[in-house]
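Structure file coords_31.pdb (PDB, C-alpha atoms and all ligand atoms) follows.
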```
ATOM      1  CA  MET A  10      48.946 -22.804  65.103  1.00  0.00           C
ATOM      2  CA  MET A  11      47.444 -25.193  67.543  1.00  0.00           C
ATOM      3  CA  LEU A  12      50.495 -25.377  69.722  1.00  0.00           C
ATOM      4  CA  GLU A  13      51.339 -21.705  70.050  1.00  0.00           C
ATOM      5  CA  ASN A  14      50.660 -21.838  73.768  1.00  0.00           C
ATOM      6  CA  MET A  15      52.402 -25.117  74.315  1.00  0.00           C
ATOM      7  CA  ARG A  16      55.898 -25.120  75.691  1.00  0.00           C
ATOM      8  CA  LEU A  17      57.505 -27.521  73.274  1.00  0.00           C
ATOM      9  CA  ASP A  18      61.015 -26.885  74.549  1.00  0.00           C
ATOM     10  CA  ARG A  19      60.333 -29.133  77.490  1.00  0.00           C
ATOM     11  CA  PHE A  20      59.973 -32.226  75.263  1.00  0.00           C
ATOM     12  CA  THR A  21      62.757 -34.311  73.745  1.00  0.00           C
ATOM     13  CA  ARG A  22      62.959 -37.671  72.038  1.00  0.00           C
ATOM     14  CA  ASP A  23      63.499 -39.117  75.514  1.00  0.00           C
ATOM     15  CA  SER A  24      60.270 -37.693  76.911  1.00  0.00           C
ATOM     16  CA  ARG A  25      57.854 -40.314  78.179  1.00  0.00           C
ATOM     17  CA  VAL A  26      54.629 -40.096  76.238  1.00  0.00           C
ATOM     18  CA  VAL A  27      51.277 -41.801  76.790  1.00  0.00           C
ATOM     19  CA  PHE A  28      48.400 -42.059  74.327  1.00  0.00           C
ATOM     20  CA  PHE A  29      45.182 -42.814  76.187  1.00  0.00           C
ATOM     21  CA  THR A  30      42.311 -43.704  73.874  1.00  0.00           C
ATOM     22  CA  GLY A  31      38.602 -44.447  74.088  1.00  0.00           C
ATOM     23  CA  ALA A  32      35.620 -45.230  71.879  1.00  0.00           C
ATOM     24  CA  GLY A  33      35.906 -41.986  69.886  1.00  0.00           C
ATOM     25  CA  ILE A  34      39.043 -43.061  68.027  1.00  0.00           C
ATOM     26  CA  SER A  35      37.332 -46.308  66.948  1.00  0.00           C
ATOM     27  CA  ALA A  36      34.142 -44.475  65.986  1.00  0.00           C
ATOM     28  CA  GLU A  37      36.223 -42.564  63.435  1.00  0.00           C
ATOM     29  CA  SER A  38      36.951 -45.936  61.812  1.00  0.00           C
ATOM     30  CA  GLY A  39      33.216 -46.618  61.699  1.00  0.00           C
ATOM     31  CA  ILE A  40      33.143 -48.871  64.754  1.00  0.00           C
ATOM     32  CA  ALA A  41      30.312 -47.804  67.003  1.00  0.00           C
ATOM     33  CA  THR A  42      29.748 -49.350  70.391  1.00  0.00           C
ATOM     34  CA  PHE A  43      26.485 -51.323  70.593  1.00  0.00           C
ATOM     35  CA  ARG A  44      25.266 -50.180  67.205  1.00  0.00           C
ATOM     36  CA  ASP A  45      25.462 -51.928  63.889  1.00  0.00           C
ATOM     37  CA  PRO A  46      24.774 -50.952  60.290  1.00  0.00           C
ATOM     38  CA  ASP A  47      21.590 -52.996  59.814  1.00  0.00           C
ATOM     39  CA  GLY A  48      20.271 -52.221  63.283  1.00  0.00           C
ATOM     40  CA  HIS A  49      19.724 -55.873  64.193  1.00  0.00           C
ATOM     41  CA  TRP A  50      21.605 -55.631  67.472  1.00  0.00           C
ATOM     42  CA  SER A  51      20.364 -52.166  68.401  1.00  0.00           C
ATOM     43  CA  LYS A  52      17.162 -53.644  69.786  1.00  0.00           C
ATOM     44  CA  TYR A  53      19.056 -55.595  72.438  1.00  0.00           C
ATOM     45  CA  ASP A  54      20.002 -54.230  75.808  1.00  0.00           C
ATOM     46  CA  PRO A  55      23.811 -53.768  75.902  1.00  0.00           C
ATOM     47  CA  MET A  56      23.717 -55.183  79.431  1.00  0.00           C
ATOM     48  CA  LYS A  57      22.494 -58.491  77.977  1.00  0.00           C
ATOM     49  CA  LEU A  58      25.125 -58.577  75.267  1.00  0.00           C
ATOM     50  CA  ALA A  59      28.087 -57.695  77.442  1.00  0.00           C
ATOM     51  CA  SER A  60      27.595 -59.031  80.936  1.00  0.00           C
ATOM     52  CA  GLN A  61      28.103 -62.251  82.847  1.00  0.00           C
ATOM     53  CA  ALA A  62      24.361 -62.466  83.546  1.00  0.00           C
ATOM     54  CA  GLY A  63      23.542 -62.077  79.845  1.00  0.00           C
ATOM     55  CA  PHE A  64      26.106 -64.736  78.899  1.00  0.00           C
ATOM     56  CA  GLN A  65      24.706 -67.194  81.427  1.00  0.00           C
ATOM     57  CA  GLU A  66      21.167 -66.557  80.229  1.00  0.00           C
ATOM     58  CA  ASP A  67      21.817 -66.842  76.498  1.00  0.00           C
ATOM     59  CA  PRO A  68      25.440 -67.599  75.569  1.00  0.00           C
ATOM     60  CA  GLU A  69      24.702 -68.063  71.850  1.00  0.00           C
ATOM     61  CA  LEU A  70      23.102 -64.615  71.633  1.00  0.00           C
ATOM     62  CA  VAL A  71      26.178 -63.061  73.220  1.00  0.00           C
ATOM     63  CA  LEU A  72      28.570 -65.051  71.014  1.00  0.00           C
ATOM     64  CA  GLY A  73      26.572 -64.060  67.920  1.00  0.00           C
ATOM     65  CA  TRP A  74      26.837 -60.398  68.838  1.00  0.00           C
ATOM     66  CA  TYR A  75      30.604 -60.650  69.315  1.00  0.00           C
ATOM     67  CA  ALA A  76      31.013 -62.620  66.068  1.00  0.00           C
ATOM     68  CA  ASP A  77      29.164 -59.889  64.146  1.00  0.00           C
ATOM     69  CA  ARG A  78      31.187 -57.164  65.842  1.00  0.00           C
ATOM     70  CA  ARG A  79      34.400 -58.989  64.977  1.00  0.00           C
ATOM     71  CA  GLU A  80      33.357 -59.105  61.320  1.00  0.00           C
ATOM     72  CA  ALA A  81      32.533 -55.389  61.295  1.00  0.00           C
ATOM     73  CA  ILE A  82      35.899 -54.653  62.918  1.00  0.00           C
ATOM     74  CA  ARG A  83      37.743 -56.761  60.350  1.00  0.00           C
ATOM     75  CA  LYS A  84      36.198 -54.682  57.572  1.00  0.00           C
ATOM     76  CA  ALA A  85      37.125 -51.413  59.310  1.00  0.00           C
ATOM     77  CA  LYS A  86      40.546 -49.832  58.965  1.00  0.00           C
ATOM     78  CA  PRO A  87      42.772 -47.914  61.374  1.00  0.00           C
ATOM     79  CA  ASN A  88      42.323 -44.193  60.746  1.00  0.00           C
ATOM     80  CA  ALA A  89      44.626 -41.169  60.582  1.00  0.00           C
ATOM     81  CA  ALA A  90      44.721 -40.927  64.386  1.00  0.00           C
ATOM     82  CA  HIS A  91      45.954 -44.517  64.826  1.00  0.00           C
ATOM     83  CA  ILE A  92      48.564 -43.936  62.125  1.00  0.00           C
ATOM     84  CA  SER A  93      49.660 -40.678  63.780  1.00  0.00           C
ATOM     85  CA  ILE A  94      50.305 -42.576  66.995  1.00  0.00           C
ATOM     86  CA  SER A  95      52.653 -44.897  65.085  1.00  0.00           C
ATOM     87  CA  ASN A  96      54.483 -41.873  63.729  1.00  0.00           C
ATOM     88  CA  PHE A  97      54.722 -40.365  67.218  1.00  0.00           C
ATOM     89  CA  GLN A  98      56.092 -43.645  68.533  1.00  0.00           C
ATOM     90  CA  LYS A  99      58.960 -43.412  66.058  1.00  0.00           C
ATOM     91  CA  LEU A 100      59.659 -39.904  67.353  1.00  0.00           C
ATOM     92  CA  PHE A 101      59.459 -40.629  71.080  1.00  0.00           C
ATOM     93  CA  ARG A 102      61.513 -43.598  72.266  1.00  0.00           C
ATOM     94  CA  HIS A 103      59.450 -44.112  75.382  1.00  0.00           C
ATOM     95  CA  SER A 104      55.818 -44.088  74.479  1.00  0.00           C
ATOM     96  CA  ILE A 105      52.926 -46.341  75.244  1.00  0.00           C
ATOM     97  CA  VAL A 106      49.288 -46.673  74.287  1.00  0.00           C
ATOM     98  CA  ILE A 107      46.619 -47.259  76.931  1.00  0.00           C
ATOM     99  CA  THR A 108      43.281 -48.059  75.348  1.00  0.00           C
ATOM    100  CA  GLN A 109      39.752 -48.772  76.513  1.00  0.00           C
ATOM    101  CA  ASN A 110      38.978 -50.235  73.092  1.00  0.00           C
ATOM    102  CA  VAL A 111      38.855 -53.954  72.376  1.00  0.00           C
ATOM    103  CA  ASP A 112      39.005 -53.857  68.569  1.00  0.00           C
ATOM    104  CA  GLY A 113      42.756 -54.266  68.070  1.00  0.00           C
ATOM    105  CA  LEU A 114      42.982 -51.295  65.659  1.00  0.00           C
ATOM    106  CA  HIS A 115      46.009 -49.880  67.478  1.00  0.00           C
ATOM    107  CA  GLU A 116      47.927 -53.058  66.811  1.00  0.00           C
ATOM    108  CA  ARG A 117      46.805 -53.167  63.182  1.00  0.00           C
ATOM    109  CA  ALA A 118      48.067 -49.596  62.748  1.00  0.00           C
ATOM    110  CA  GLY A 119      51.486 -50.717  63.985  1.00  0.00           C
ATOM    111  CA  ASN A 120      51.245 -49.061  67.409  1.00  0.00           C
ATOM    112  CA  LYS A 121      53.581 -50.563  70.026  1.00  0.00           C
ATOM    113  CA  SER A 122      53.470 -51.169  73.790  1.00  0.00           C
ATOM    114  CA  ILE A 123      49.686 -51.312  74.007  1.00  0.00           C
ATOM    115  CA  TYR A 124      47.788 -51.787  77.243  1.00  0.00           C
ATOM    116  CA  GLU A 125      44.304 -53.035  76.409  1.00  0.00           C
ATOM    117  CA  LEU A 126      42.465 -52.255  79.636  1.00  0.00           C
ATOM    118  CA  HIS A 127      39.215 -53.862  78.492  1.00  0.00           C
ATOM    119  CA  GLY A 128      40.734 -56.852  76.710  1.00  0.00           C
ATOM    120  CA  ASN A 129      40.658 -57.768  73.032  1.00  0.00           C
ATOM    121  CA  ILE A 130      37.639 -58.982  71.090  1.00  0.00           C
ATOM    122  CA  HIS A 131      39.799 -61.198  68.878  1.00  0.00           C
ATOM    123  CA  ARG A 132      40.935 -63.291  71.854  1.00  0.00           C
ATOM    124  CA  HIS A 133      38.971 -65.868  73.845  1.00  0.00           C
ATOM    125  CA  LYS A 134      39.271 -67.165  77.358  1.00  0.00           C
ATOM    126  CA  CYS A 135      37.614 -69.664  79.675  1.00  0.00           C
ATOM    127  CA  ASN A 136      34.857 -68.183  81.796  1.00  0.00           C
ATOM    128  CA  GLY A 137      35.841 -70.617  84.553  1.00  0.00           C
ATOM    129  CA  CYS A 138      39.613 -70.853  84.869  1.00  0.00           C
ATOM    130  CA  GLY A 139      40.480 -67.777  82.779  1.00  0.00           C
ATOM    131  CA  LYS A 140      42.862 -69.656  80.458  1.00  0.00           C
ATOM    132  CA  GLN A 141      43.264 -68.116  77.002  1.00  0.00           C
ATOM    133  CA  VAL A 142      41.934 -70.288  74.195  1.00  0.00           C
ATOM    134  CA  GLU A 143      42.422 -70.152  70.405  1.00  0.00           C
ATOM    135  CA  LEU A 144      39.242 -70.565  68.365  1.00  0.00           C
ATOM    136  CA  SER A 145      38.825 -70.857  64.611  1.00  0.00           C
ATOM    137  CA  ASN A 146      36.488 -68.315  62.982  1.00  0.00           C
ATOM    138  CA  LYS A 147      33.983 -71.090  62.351  1.00  0.00           C
ATOM    139  CA  LYS A 148      33.761 -72.040  66.000  1.00  0.00           C
ATOM    140  CA  MET A 149      33.316 -68.509  67.333  1.00  0.00           C
ATOM    141  CA  ARG A 150      29.539 -68.445  66.917  1.00  0.00           C
ATOM    142  CA  MET A 151      29.056 -71.705  68.807  1.00  0.00           C
ATOM    143  CA  LEU A 152      29.388 -72.348  72.466  1.00  0.00           C
ATOM    144  CA  ASN A 153      32.696 -74.092  73.210  1.00  0.00           C
ATOM    145  CA  TYR A 154      33.939 -75.515  76.470  1.00  0.00           C
ATOM    146  CA  CYS A 155      37.321 -75.478  78.154  1.00  0.00           C
ATOM    147  CA  GLU A 156      38.827 -78.751  79.367  1.00  0.00           C
ATOM    148  CA  CYS A 157      37.907 -77.565  82.897  1.00  0.00           C
ATOM    149  CA  GLY A 158      34.234 -77.500  81.856  1.00  0.00           C
ATOM    150  CA  GLY A 159      33.982 -73.708  81.760  1.00  0.00           C
ATOM    151  CA  LYS A 160      32.345 -71.908  78.842  1.00  0.00           C
ATOM    152  CA  ILE A 161      34.608 -70.130  76.361  1.00  0.00           C
ATOM    153  CA  ARG A 162      33.891 -66.399  76.104  1.00  0.00           C
ATOM    154  CA  PRO A 163      35.433 -63.325  74.475  1.00  0.00           C
ATOM    155  CA  ASP A 164      38.460 -62.024  76.388  1.00  0.00           C
ATOM    156  CA  VAL A 165      36.918 -58.631  77.085  1.00  0.00           C
ATOM    157  CA  VAL A 166      35.864 -56.866  80.270  1.00  0.00           C
ATOM    158  CA  TRP A 167      32.086 -56.915  80.626  1.00  0.00           C
ATOM    159  CA  PHE A 168      29.768 -54.582  82.519  1.00  0.00           C
ATOM    160  CA  GLY A 169      30.147 -55.242  86.218  1.00  0.00           C
ATOM    161  CA  GLU A 170      33.616 -56.814  85.846  1.00  0.00           C
ATOM    162  CA  SER A 171      36.852 -55.352  87.151  1.00  0.00           C
ATOM    163  CA  LEU A 172      39.728 -54.342  84.929  1.00  0.00           C
ATOM    164  CA  PRO A 173      42.764 -56.651  85.156  1.00  0.00           C
ATOM    165  CA  LEU A 174      44.384 -55.426  88.366  1.00  0.00           C
ATOM    166  CA  GLN A 175      48.023 -55.722  87.337  1.00  0.00           C
ATOM    167  CA  MET A 176      47.399 -53.924  84.064  1.00  0.00           C
ATOM    168  CA  ILE A 177      45.486 -51.033  85.611  1.00  0.00           C
ATOM    169  CA  ASN A 178      48.213 -50.671  88.249  1.00  0.00           C
ATOM    170  CA  GLU A 179      50.872 -50.541  85.549  1.00  0.00           C
ATOM    171  CA  ALA A 180      48.796 -48.012  83.614  1.00  0.00           C
ATOM    172  CA  PHE A 181      48.601 -45.745  86.672  1.00  0.00           C
ATOM    173  CA  GLU A 182      52.324 -46.139  87.289  1.00  0.00           C
ATOM    174  CA  THR A 183      53.085 -45.254  83.673  1.00  0.00           C
ATOM    175  CA  VAL A 184      50.937 -42.133  83.534  1.00  0.00           C
ATOM    176  CA  SER A 185      52.201 -40.910  86.905  1.00  0.00           C
ATOM    177  CA  SER A 186      55.734 -40.744  85.499  1.00  0.00           C
ATOM    178  CA  CYS A 187      54.991 -39.539  81.971  1.00  0.00           C
ATOM    179  CA  ASP A 188      55.914 -36.105  80.586  1.00  0.00           C
ATOM    180  CA  LEU A 189      53.246 -35.783  77.925  1.00  0.00           C
ATOM    181  CA  MET A 190      49.860 -37.420  77.678  1.00  0.00           C
ATOM    182  CA  PHE A 191      47.300 -37.341  74.910  1.00  0.00           C
ATOM    183  CA  THR A 192      43.803 -38.304  75.958  1.00  0.00           C
ATOM    184  CA  ILE A 193      41.927 -39.118  72.774  1.00  0.00           C
ATOM    185  CA  GLY A 194      38.276 -39.818  72.066  1.00  0.00           C
ATOM    186  CA  THR A 195      37.324 -40.675  75.602  1.00  0.00           C
ATOM    187  CA  SER A 196      34.518 -39.091  77.564  1.00  0.00           C
ATOM    188  CA  ALA A 197      36.473 -39.497  80.827  1.00  0.00           C
ATOM    189  CA  GLN A 198      33.446 -40.929  82.586  1.00  0.00           C
ATOM    190  CA  ILE A 199      34.168 -44.606  83.136  1.00  0.00           C
ATOM    191  CA  TYR A 200      36.253 -45.288  86.234  1.00  0.00           C
ATOM    192  CA  PRO A 201      38.932 -46.201  87.071  1.00  0.00           C
ATOM    193  CA  ALA A 202      40.291 -45.535  83.549  1.00  0.00           C
ATOM    194  CA  ALA A 203      38.795 -42.024  83.558  1.00  0.00           C
ATOM    195  CA  GLN A 204      41.120 -41.204  86.453  1.00  0.00           C
ATOM    196  CA  LEU A 205      44.257 -41.688  84.311  1.00  0.00           C
ATOM    197  CA  PRO A 206      44.463 -38.177  82.800  1.00  0.00           C
ATOM    198  CA  PHE A 207      43.800 -36.626  86.230  1.00  0.00           C
ATOM    199  CA  GLU A 208      46.607 -38.754  87.655  1.00  0.00           C
ATOM    200  CA  ALA A 209      49.019 -37.684  84.897  1.00  0.00           C
ATOM    201  CA  LYS A 210      48.105 -34.050  85.413  1.00  0.00           C
ATOM    202  CA  SER A 211      48.482 -34.204  89.191  1.00  0.00           C
ATOM    203  CA  LYS A 212      51.990 -35.684  88.779  1.00  0.00           C
ATOM    204  CA  GLY A 213      53.090 -32.862  86.495  1.00  0.00           C
ATOM    205  CA  ALA A 214      52.555 -34.192  82.979  1.00  0.00           C
ATOM    206  CA  TYR A 215      51.447 -31.917  80.163  1.00  0.00           C
ATOM    207  CA  VAL A 216      48.071 -33.294  79.104  1.00  0.00           C
ATOM    208  CA  ILE A 217      46.425 -32.649  75.748  1.00  0.00           C
ATOM    209  CA  GLU A 218      42.818 -33.706  75.327  1.00  0.00           C
ATOM    210  CA  ILE A 219      41.295 -34.349  71.901  1.00  0.00           C
ATOM    211  CA  ASN A 220      37.571 -35.064  71.925  1.00  0.00           C
ATOM    212  CA  PRO A 221      34.675 -33.652  69.884  1.00  0.00           C
ATOM    213  CA  GLU A 222      32.760 -32.783  73.075  1.00  0.00           C
ATOM    214  CA  PRO A 223      33.947 -31.223  76.344  1.00  0.00           C
ATOM    215  CA  THR A 224      34.491 -33.795  79.112  1.00  0.00           C
ATOM    216  CA  PRO A 225      34.840 -33.625  82.913  1.00  0.00           C
ATOM    217  CA  PHE A 226      38.607 -33.540  82.330  1.00  0.00           C
ATOM    218  CA  SER A 227      38.536 -30.588  79.880  1.00  0.00           C
ATOM    219  CA  PRO A 228      38.906 -27.853  82.547  1.00  0.00           C
ATOM    220  CA  LYS A 229      42.054 -29.588  83.870  1.00  0.00           C
ATOM    221  CA  ALA A 230      43.693 -30.211  80.493  1.00  0.00           C
ATOM    222  CA  ASP A 231      46.655 -28.069  79.453  1.00  0.00           C
ATOM    223  CA  LEU A 232      45.121 -28.037  76.017  1.00  0.00           C
ATOM    224  CA  SER A 233      41.629 -29.224  75.131  1.00  0.00           C
ATOM    225  CA  ILE A 234      40.849 -29.572  71.440  1.00  0.00           C
ATOM    226  CA  HIS A 235      37.257 -30.241  70.443  1.00  0.00           C
ATOM    227  CA  ASP A 236      37.785 -31.999  67.169  1.00  0.00           C
ATOM    228  CA  ASP A 237      38.071 -35.450  65.611  1.00  0.00           C
ATOM    229  CA  ALA A 238      41.310 -37.213  66.497  1.00  0.00           C
ATOM    230  CA  GLY A 239      41.911 -38.081  62.839  1.00  0.00           C
ATOM    231  CA  SER A 240      42.038 -34.389  62.067  1.00  0.00           C
ATOM    232  CA  ALA A 241      43.764 -33.014  65.196  1.00  0.00           C
ATOM    233  CA  LEU A 242      46.420 -35.634  65.953  1.00  0.00           C
ATOM    234  CA  PRO A 243      48.238 -35.499  62.580  1.00  0.00           C
ATOM    235  CA  LYS A 244      48.493 -31.694  63.034  1.00  0.00           C
ATOM    236  CA  PHE A 245      50.082 -32.157  66.454  1.00  0.00           C
ATOM    237  CA  TYR A 246      52.448 -34.673  64.944  1.00  0.00           C
ATOM    238  CA  GLU A 247      53.553 -32.267  62.205  1.00  0.00           C
ATOM    239  CA  GLU A 248      54.208 -29.489  64.709  1.00  0.00           C
ATOM    240  CA  ILE A 249      56.009 -31.591  67.289  1.00  0.00           C
ATOM    241  CA  HIS A 250      58.023 -33.403  64.621  1.00  0.00           C
ATOM    242  CA  ALA A 251      59.178 -30.067  63.195  1.00  0.00           C
ATOM    243  CA  GLN A 252      60.219 -28.862  66.654  1.00  0.00           C
ATOM    244  CA  LEU A 253      62.161 -31.969  67.563  1.00  0.00           C
ATOM    245  CA  ASN A 254      64.111 -32.314  64.325  1.00  0.00           C
TER     246      ASN A 254
HETATM  247 ZN    ZN B 301      38.850 -73.485  81.963  1.00  0.00          ZN
END
```
Starting from the file, give its structure as structure tokens.
Ligand SMILES: [Zn+2]
Amino acid sequence: MMLENMRLDRFTRDSRVVFFTGAGISAESGIATFRDPDGHWSKYDPMKLASQAGFQEDPELVLGWYADRREAIRKAKPNAAHISISNFQKLFRHSIVITQNVDGLHERAGNKSIYELHGNIHRHKCNGCGKQVELSNKKMRMLNYCECGGKIRPDVVWFGESLPLQMINEAFETVSSCDLMFTIGTSAQIYPAAQLPFEAKSKGAYVIEINPEPTPFSPKADLSIHDDAGSALPKFYEEIHAQLN
């Protein structure tokens, strides 16, 4: 089986486990970054749709793009990989999810302890003071203002913006003390998040990569599986579950 070379005896229910996920796991639910079924948004430059400069230039365009994405995400469902993570989290007492995705599918699948490094598309915040703001679905397409005068924007990290410092620090701390890490559907090319599997590996964790294509991390991984997460992760779960019970 898949795990014949993996030393399972080192893992227990008390092992600290991290699931690190990227766009690939969402793509398996039909959510593609910067593409949409009818192609309307494909003609726009992603830099215009997801940057501070683009928002300043044409806020309604940006809000319209996010409103459409939100609708597409609502219609999508968590897939077998998200559900596997929930099953794993019942098996391992200390496990967390670190995601680069903003779609909230981990939460909808019942995953726990989720670090959303790039924010969450379903939340809004003030572009000025940073305060989180609740908006009704109706209002999301229009430009709204905070009481401080700032424009309300999606609470996601745009091109050119830094990841929330405290969260990225906690993510690094967590992976540096984990025993097992799954890196799932991420091309390992966007820093600093791409550094996380390297950090885990350098601190002695066993790191399993699942991604359809090889990545810069593949040569370092203890196990690198080139497959869809929805197919590979449930198999890992079955094998590890059988070993631990
Ligand atoms: Zn404000």
Can you spell out as a count of residues only the set of residues that the PyMOL selection byres (((chain A and resi 150) around 6) and not hetatm) selects in the structure I just provided?
5
Can you list what the PyMOL selection byres (((not hetatm)) within 9 of (chain B and resi 301)) grabs from this structure, as a PyMOL selection string?
chain A and resi 134-142+154-161
Expected axis-aligned box over every listed atom of segment 21-34 of chain A, 5 Å added per side, centre plus edges in Å to one decimal, as lines of an AutoDock Vina configuration file:
```
center_x = 49.6
center_y = -39.8
center_z = 73.1
size_x = 37.9
size_y = 20.9
size_z = 20.2
```
Residues within 6 Å of segment 213-223 of chain A, all atoms listed in the file, excluding chain neighbours under 3 positions, as a CSV table (one decimal) with C-alpha atoms, in the coordinates of the input:
```csv
chain,number,residue,atom,x,y,z
A,187,CYS,CA,55.0,-39.5,82.0
A,188,ASP,CA,55.9,-36.1,80.6
A,189,LEU,CA,53.2,-35.8,77.9
A,190,MET,CA,49.9,-37.4,77.7
A,191,PHE,CA,47.3,-37.3,74.9
A,192,THR,CA,43.8,-38.3,76.0
A,193,ILE,CA,41.9,-39.1,72.8
A,194,GLY,CA,38.3,-39.8,72.1
A,209,ALA,CA,49.0,-37.7,84.9
A,210,LYS,CA,48.1,-34.0,85.4
A,227,SER,CA,38.5,-30.6,79.9
A,230,ALA,CA,43.7,-30.2,80.5
A,231,ASP,CA,46.7,-28.1,79.5
A,232,LEU,CA,45.1,-28.0,76.0
A,233,SER,CA,41.6,-29.2,75.1
A,234,ILE,CA,40.8,-29.6,71.4
A,235,HIS,CA,37.3,-30.2,70.4
A,236,ASP,CA,37.8,-32.0,67.2
A,237,ASP,CA,38.1,-35.4,65.6
```
Just the number, please: distance in Å from atom CA of His127 of chain A to atom CA of Arg25 of chain A, one decimal.
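Computing the Euclidean distance for atom CA of His127 of chain A and atom CA of Arg25 of chain A yields 23.0 Å.
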Just how far from atom CA of His250 of chain A is atom CA of Leu100 of chain A, in Å to one decimal?
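Value for the atom CA of Leu100 of chain A-atom CA of His250 of chain A distance: 7.2 Å.
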How many Å lie between atom CA of Thr30 of chain A and atom CA of Glu208 of chain A, rounded to one decimal?
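About the pair atom CA of Thr30 of chain A and atom CA of Glu208 of chain A: they are 15.3 Å apart.
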Can you pull out every residue within 12 Å of Asp23 of chain A, counting all atoms listed in the file, but drop anything in the same chain fewer than 3 positions away, and send it as a VMD selection string?
chain A and resid 19 to 20 26 98 to 104 187 to 189 253
So, with all atoms listed in the file as the atoms that count, which of A:Phe226, A:Trp50, A:Tyr75, A:Phe97 lies closest to Leu205 of chain A?
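Answer, going by the shortest atom-to-atom distance: A:Phe226.
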Nearest to Ser211 of chain A by atom-to-atom distance, counting all atoms listed in the file, from A:Lys229, A:Val106, A:Gln198, A:His133
A:Lys229
Compute the distance from (46.3, -38.4, 60.9) to each atom, counting all atoms listed in the file, keep the residues with any atom at most 9 Å away, and return them as JSON, numbers by chain; use the coordinates of the file.
{"A": [88, 89, 90, 91, 92, 93, 94, 238, 239, 240, 241, 242, 243, 244, 246]}
Hey, what's within 7 Å of Leu172 of chain A if we count all atoms listed in the file and toss same-chain stuff fewer than 4 positions away? As a short mmCIF file (atom, residue, chain, number, x, y, z; two decimals) with C-alpha atoms, in the frame of the given file, please?
```cif
data_model
loop_
_atom_site.label_atom_id
_atom_site.label_comp_id
_atom_site.auth_asym_id
_atom_site.auth_seq_id
_atom_site.Cartn_x
_atom_site.Cartn_y
_atom_site.Cartn_z
CA LEU A 126 42.46 -52.26 79.64
CA HIS A 127 39.22 -53.86 78.49
CA VAL A 166 35.86 -56.87 80.27
CA ILE A 177 45.49 -51.03 85.61
#
```
Report as a PDB file with C-alpha atoms, in the coordinates of the input all protein, DNA and RNA residues lying within 10 Å of Phe168 of chain A, evaluated on all atoms listed in the file, omitting residues in the same chain fewer than 5 positions from it.
```
ATOM      1  CA  PRO A  55      23.811 -53.768  75.902  1.00  0.00           C
ATOM      2  CA  MET A  56      23.717 -55.183  79.431  1.00  0.00           C
ATOM      3  CA  LYS A  57      22.494 -58.491  77.977  1.00  0.00           C
ATOM      4  CA  LEU A  58      25.125 -58.577  75.267  1.00  0.00           C
ATOM      5  CA  ALA A  59      28.087 -57.695  77.442  1.00  0.00           C
ATOM      6  CA  SER A  60      27.595 -59.031  80.936  1.00  0.00           C
ATOM      7  CA  GLN A  61      28.103 -62.251  82.847  1.00  0.00           C
ATOM      8  CA  ALA A  62      24.361 -62.466  83.546  1.00  0.00           C
TER       9      ALA A  62
END
```
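Each of A:Thr224, A:Thr21, A:Ser35, A:Asn110 was checked against Ala203 of chain A using only C-alpha atoms; the smallest atom-to-atom distance is that of A:Thr224.
All residues that come within 8 Å of the coordinates (54.4, -51.8, 72.4), counting only C-alpha atoms, are given as A:Ile105, A:Val106, A:Asn120, A:Lys121, A:Ser122, A:Ile123.
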For Thr183 of chain A, which residue among A:Ala76, A:Ala81, A:Ala202, A:Val27 is the nearest when counting all atoms listed in the file?
A:Val27
Given only C-alpha atoms as the counted atoms, nearest of A:Ala180, A:Leu70, A:Ile249, A:Ala41 to Gln204 of chain A
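The shortest atom-to-atom distance to Gln204 of chain A comes from A:Ala180.
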Just checking: using only C-alpha atoms, which residue out of A:Glu69, A:Ala36, A:Arg132, A:Trp74 ends up closest to Pro87 of chain A?
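Going through A:Glu69, A:Ala36, A:Arg132, A:Trp74 one by one, the smallest distance to Pro87 of chain A is for A:Ala36.
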